[in-house]
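Raw contents of structure34.pdb, PDB, C-alpha atoms, pLDDT in the B column:
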```pdb
MODEL        1
ATOM      1  CA  MET N   1     110.498  72.338 179.383  1.00 62.00           C
ATOM      2  CA  LYS N   2     108.987  69.943 176.841  1.00 80.00           C
ATOM      3  CA  GLU N   3     106.908  71.062 173.874  1.00 85.00           C
ATOM      4  CA  ASN N   4     103.293  69.989 173.498  1.00 87.00           C
ATOM      5  CA  SER N   5     103.015  67.083 171.039  1.00 90.00           C
ATOM      6  CA  ALA N   6     101.032  63.924 170.313  1.00 92.00           C
ATOM      7  CA  LYS N   7     102.712  62.228 173.298  1.00 94.00           C
ATOM      8  CA  TYR N   8     102.947  65.159 175.669  1.00 94.00           C
ATOM      9  CA  PHE N   9     100.655  67.993 176.664  1.00 93.00           C
ATOM     10  CA  ASN N  10     101.016  70.401 179.562  1.00 94.00           C
ATOM     11  CA  ASN N  11      98.016  72.520 180.601  1.00 94.00           C
ATOM     12  CA  ARG N  12      99.196  74.975 183.227  1.00 92.00           C
ATOM     13  CA  SER N  13      95.987  76.958 182.925  1.00 95.00           C
ATOM     14  CA  CYS N  14      93.956  74.029 184.328  1.00 95.00           C
ATOM     15  CA  GLN N  15      92.454  74.815 187.720  1.00 95.00           C
ATOM     16  CA  TYR N  16      93.713  71.445 189.020  1.00 93.00           C
ATOM     17  CA  TYR N  17      97.266  71.699 187.646  1.00 93.00           C
ATOM     18  CA  PRO N  18      99.119  69.731 188.747  1.00 91.00           C
ATOM     19  CA  CYS N  19      96.583  67.203 189.964  1.00 91.00           C
ATOM     20  CA  HIS N  20      99.307  65.022 191.521  1.00 89.00           C
ATOM     21  CA  LYS N  21     102.300  65.952 193.648  1.00 87.00           C
ATOM     22  CA  VAL N  22     105.396  65.904 191.450  1.00 88.00           C
ATOM     23  CA  GLU N  23     108.953  67.167 191.686  1.00 87.00           C
ATOM     24  CA  LYS N  24     109.131  68.719 188.203  1.00 87.00           C
ATOM     25  CA  GLU N  25     105.895  70.469 187.242  1.00 87.00           C
ATOM     26  CA  ALA N  26     107.336  71.507 183.868  1.00 85.00           C
ATOM     27  CA  GLU N  27     107.553  67.823 182.893  1.00 89.00           C
ATOM     28  CA  PHE N  28     104.027  66.960 184.077  1.00 93.00           C
ATOM     29  CA  ASN N  29     102.095  65.361 181.211  1.00 95.00           C
ATOM     30  CA  CYS N  30      98.388  66.247 181.132  1.00 96.00           C
ATOM     31  CA  LEU N  31      97.677  64.181 177.985  1.00 95.00           C
ATOM     32  CA  PHE N  32      95.903  61.462 179.961  1.00 94.00           C
ATOM     33  CA  CYS N  33      93.995  63.707 182.326  1.00 93.00           C
ATOM     34  CA  TYR N  34      91.695  60.758 182.952  1.00 93.00           C
ATOM     35  CA  CYS N  35      93.698  57.551 182.735  1.00 95.00           C
ATOM     36  CA  PRO N  36      92.457  55.207 179.988  1.00 95.00           C
ATOM     37  CA  LEU N  37      93.692  52.268 182.089  1.00 97.00           C
ATOM     38  CA  TYR N  38      91.360  52.983 185.024  1.00 96.00           C
ATOM     39  CA  ALA N  39      88.913  50.333 183.802  1.00 94.00           C
ATOM     40  CA  LEU N  40      91.575  47.618 184.041  1.00 96.00           C
ATOM     41  CA  GLY N  41      91.255  47.659 187.823  1.00 94.00           C
ATOM     42  CA  GLU N  42      94.195  45.886 189.466  1.00 93.00           C
ATOM     43  CA  ARG N  43      95.735  45.105 186.053  1.00 95.00           C
ATOM     44  CA  CYS N  44      96.470  48.766 185.185  1.00 95.00           C
ATOM     45  CA  GLY N  45     100.059  48.622 186.425  1.00 95.00           C
ATOM     46  CA  GLY N  46      99.784  51.814 188.428  1.00 95.00           C
ATOM     47  CA  SER N  47      99.927  52.786 192.067  1.00 94.00           C
ATOM     48  CA  PHE N  48      96.388  52.861 193.425  1.00 96.00           C
ATOM     49  CA  ARG N  49      94.210  51.810 196.325  1.00 96.00           C
ATOM     50  CA  TYR N  50      90.542  51.075 196.812  1.00 96.00           C
ATOM     51  CA  THR N  51      88.592  53.279 199.199  1.00 97.00           C
ATOM     52  CA  GLU N  52      86.323  51.861 201.878  1.00 97.00           C
ATOM     53  CA  GLU N  53      83.471  52.449 199.429  1.00 97.00           C
ATOM     54  CA  GLY N  54      85.210  50.280 196.815  1.00 95.00           C
ATOM     55  CA  ILE N  55      86.232  53.167 194.547  1.00 95.00           C
ATOM     56  CA  LYS N  56      89.599  52.985 192.830  1.00 96.00           C
ATOM     57  CA  ASP N  57      91.741  55.904 194.040  1.00 95.00           C
ATOM     58  CA  CYS N  58      94.609  56.697 191.661  1.00 94.00           C
ATOM     59  CA  SER N  59      95.686  59.931 193.324  1.00 91.00           C
ATOM     60  CA  ALA N  60      99.099  58.438 194.225  1.00 92.00           C
ATOM     61  CA  CYS N  61      99.794  57.301 190.651  1.00 95.00           C
ATOM     62  CA  ILE N  62     101.781  59.521 188.326  1.00 94.00           C
ATOM     63  CA  ILE N  63     102.620  56.936 185.624  1.00 95.00           C
ATOM     64  CA  PRO N  64     100.437  58.485 182.886  1.00 94.00           C
ATOM     65  CA  HIS N  65     101.744  61.932 183.814  1.00 95.00           C
ATOM     66  CA  SER N  66     105.462  61.133 183.797  1.00 93.00           C
ATOM     67  CA  GLU N  67     108.153  60.342 181.245  1.00 91.00           C
ATOM     68  CA  GLY N  68     107.355  56.985 179.661  1.00 93.00           C
ATOM     69  CA  GLY N  69     103.705  57.302 180.632  1.00 94.00           C
ATOM     70  CA  TYR N  70     102.488  57.514 177.041  1.00 95.00           C
ATOM     71  CA  GLU N  71     104.328  54.296 176.214  1.00 95.00           C
ATOM     72  CA  HIS N  72     102.926  52.587 179.325  1.00 96.00           C
ATOM     73  CA  VAL N  73      99.350  53.464 178.357  1.00 96.00           C
ATOM     74  CA  ALA N  74      99.887  52.596 174.685  1.00 96.00           C
ATOM     75  CA  ALA N  75     101.252  49.166 175.642  1.00 96.00           C
ATOM     76  CA  ARG N  76      98.102  48.376 177.669  1.00 95.00           C
ATOM     77  CA  ILE N  77      95.398  50.034 175.553  1.00 95.00           C
ATOM     78  CA  ARG N  78      94.528  46.748 173.781  1.00 96.00           C
ATOM     79  CA  ASP N  79      93.504  45.353 177.173  1.00 96.00           C
ATOM     80  CA  VAL N  80      91.065  48.238 177.534  1.00 96.00           C
ATOM     81  CA  ILE N  81      89.726  47.604 174.034  1.00 95.00           C
ATOM     82  CA  GLU N  82      89.139  43.954 174.931  1.00 94.00           C
ATOM     83  CA  LEU N  83      87.016  45.046 177.904  1.00 92.00           C
ATOM     84  CA  GLY N  84      84.735  46.838 175.450  1.00 88.00           C
ATOM     85  CA  LYS N  85      84.129  43.602 173.560  1.00 89.00           C
ATOM     86  CA  LEU N  86      82.585  41.819 176.550  1.00 70.00           C
TER
ENDMDL
END
```
Kindly present the structure from the file in structure tokens form.
Amino acid sequence: MKENSAKYFNNRSCQYYPCHKVEKEAEFNCLFCYCPLYALGERCGGSFRYTEEGIKDCSACIIPHSEGGYEHVAARIRDVIELGKL
């Protein structure tokens, strides 16, 4: 089991834990409970779909919750910041 840190946080007491189906719950990273890359739409790099109502559904994506997820988000966070400048 990993220790909670700046790059990894596991919240087993959350009522939704784990919010995605994973093989190794002990390695599930809750740090990005709500993905900061959601606003990038199709450019987020994750596994998602759009519902019939046009809502982005990320329930099949575990990138921010898995090993390397912190690095993936950190590498794309400038794109999110640029959206805020529009």
Discussion item. Just checking: using only C-alpha atoms, which residue out of N:Glu3, N:Asp57, N:Glu42, N:Glu67 ends up closest to Val22 of chain N?
Written reply: N:Glu67
Worksheet item: With all atoms listed in the file as the basis for distance, which of N:Lys2, N:Lys7, N:Arg12, N:Lys24 is at the shortest distance from Glu71 of chain N?
Response: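 The answer is N:Lys7, which sits nearest to Glu71 of chain N.
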Worksheet entry | Interatomic distance, atom CA of Ala74 of chain N to atom CA of Gly54 of chain N (Å, one decimal) | 26.7 Å
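Residues in contact range of segment 34-39 of chain N, defined as at most 9 Å between only C-alpha atoms, with sequence neighbours fewer than 2 positions away removed, read Cys30, Leu31, Phe32, Gly41, Glu42, Arg43, Cys44, Gly45, Gly46, Lys56, Cys58, Pro64, Val73, Arg76, Ile77, Asp79, Val80 and Leu83 of chain N.
Atom pair atom CA of Tyr8 of chain N / atom CA of Ala26 of chain N: separated by 11.3 Å.
Of the residues listed (N:Ala6, N:Lys21, N:Arg78, N:Arg49), N:Lys21 shows the shortest atom-to-atom separation from Ile62 of chain N; distances use only C-alpha atoms.
The gap separating atom CA of Leu40 of chain N from atom CA of Ile55 of chain N is 13.0 Å, in Å to one decimal.
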4 Å per side around segment 75-86 of chain N: axis-aligned box centre and edge lengths, as lines of an AutoDock Vina configuration file:
```
center_x = 91.9
center_y = 45.9
center_z = 175.7
size_x = 26.7
size_y = 16.2
size_z = 12.3
```
Worksheet item: Nearest to Ser5 of chain N among N:Glu53, N:Gly84, N:Ala75, N:Asn29, with distances taken over only C-alpha atoms: which residue is it?
Response: N:Asn29
Fill in: Closest of N:Glu82, N:Asn10, N:His20, N:Glu27 to Ser66 of chain N - atom-to-atom distances counting all atoms listed in the file
N:Glu27
Worksheet item: From the list N:Tyr16, N:Phe28, N:Ala60, N:Glu23, which residue is nearest Asn4 of chain N when using only C-alpha atoms?
Response: N:Phe28
